[in-house]
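Before any comments, here is the structure.
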Amino acid sequence: MIKGKDLIQSFVNVTPFINRLLPIDVFMDVADTEKIIAYQAAEGFDIGEKTGDILPDRGAMREALRTGKAVEISVPQDVFGISFKARVEPIYDEDNQIIGLVGVGTSMEVQDRLNKILNDFTSTYEEINKSIQQIAMNSQTLAYVSEKLANFTDTTKQEISKTGKILKIVSNISRDTNLLGLNAAIEAARTGENGKGFAVVASEIRRLSEDSSRSLKEINGFFESLNNSIESLDRQVREASDISQDQAAATEEIAASMQSISEHVNQLVQFSQIL
């Protein structure tokens, strides 16, 4: 509580020097219970008060007189062309009677600009954060798909391995068939005229064996090429899986950093409200 009759005169004496004493742009006015007795405009703006003006029926000064308490208000830009924050303190005499008022108004131009910067940053941050979250989700999806593809390639390689065993058995059958055809041809030659029909069968058996052998070579070539492709796909899938996992971890770190930045911005917003 500000007390003392001499304080009013002290504030009147200080008023002309207020802008020299403070590092921020302010205006100051001093009043008794009826009128303004001292006024100093801010360097950057002037609310138009003059010494001798009667106190308005409404406003911070009238409210401080009515309640006997300090009053703080924020005045928007459309009232005086600039936004500012004003605080009015009642001055009491030794008998606790209000004998005057002292008010200080601080430009909110810097705060408004800071708030705009913070708001713009917050909007940008939210967009970046959404993008990061989307990247994180895509990375997780890619990791999941890569894992499924890796499992698929493992299964495919196992199936190709089984097919190779089957082809080996067929190759053995083809070889044995060829031997059978050869033996049949020998037997047909040995029996002479009586073995002509047998010779035809032997020829067909050997032709079937040769056709089977050629087909097996083609099939083996196909599966060898397929196996090489699967091996290459498997390497690429595993590389993609490693990259996606690294990317997911990196996005988590970025998200944590963005959260820290957001907390700092919120602190700046709170601090700007104090200015």
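Identifiers in the structure tokens: chain A, B, ... in order shown; residue index from 1 per chain; ligand index from 1 in order shown.
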Exercise for the section: Give me the residues within 8 Å of Ile132 of chain A as a ChimeraX atom specification, counting only C-alpha atoms and dropping any in the same chain fewer than 4 places off. Expected result: /A:128,136,251,254-255
Quick one: residues within 12 Å of segment 49-59 of chain A, only C-alpha atoms, excluding same-chain residues fewer than 5 positions away - as a CSV table (one decimal) with C-alpha atoms, in the first residue's frame?
chain,number,residue,atom,x,y,z
A,12,VAL,CA,4.7,14.5,-9.9
A,15,THR,CA,6.8,12.1,-14.0
A,27,PHE,CA,3.6,6.9,-20.0
A,28,MET,CA,2.9,8.1,-16.5
A,29,ASP,CA,0.1,10.1,-14.9
A,30,VAL,CA,-0.6,11.3,-11.4
A,31,ALA,CA,-4.0,12.4,-10.1
A,32,ASP,CA,-5.8,13.5,-7.0
A,33,THR,CA,-9.3,12.2,-6.4
A,34,GLU,CA,-10.8,14.4,-9.1
A,35,LYS,CA,-8.3,15.3,-11.8
A,36,ILE,CA,-5.0,14.7,-13.5
A,37,ILE,CA,-2.2,16.7,-11.9
A,38,ALA,CA,0.7,15.4,-13.9
A,39,TYR,CA,1.1,13.5,-17.2
A,40,GLN,CA,4.0,12.4,-19.3
A,41,ALA,CA,3.4,10.8,-22.7
A,42,ALA,CA,5.4,7.8,-23.8
A,64,ALA,CA,-8.9,2.1,-8.4
A,65,LEU,CA,-10.7,4.9,-6.6
A,66,ARG,CA,-13.8,2.8,-6.2
A,71,VAL,CA,-6.0,-2.1,-11.1
A,72,GLU,CA,-4.3,-3.5,-14.2
A,73,ILE,CA,-5.9,-3.4,-17.6
A,74,SER,CA,-5.0,-4.2,-21.2
A,75,VAL,CA,-6.1,-1.6,-23.7
A,80,PHE,CA,-5.7,4.7,-29.0
A,86,ALA,CA,-1.9,0.1,-17.7
A,87,ARG,CA,-1.5,-0.2,-13.9
A,88,VAL,CA,-3.0,2.2,-11.4
A,100,GLY,CA,-4.6,10.3,-5.2
A,101,LEU,CA,-3.6,7.9,-7.9
A,103,GLY,CA,-0.6,5.2,-13.1
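For the residues A:Asn115, A:Asp46, A:Ile8, A:Ser213, ranking by smallest atom-to-atom distance to Ile98 of chain A using only C-alpha atoms places A:Ile8 first.
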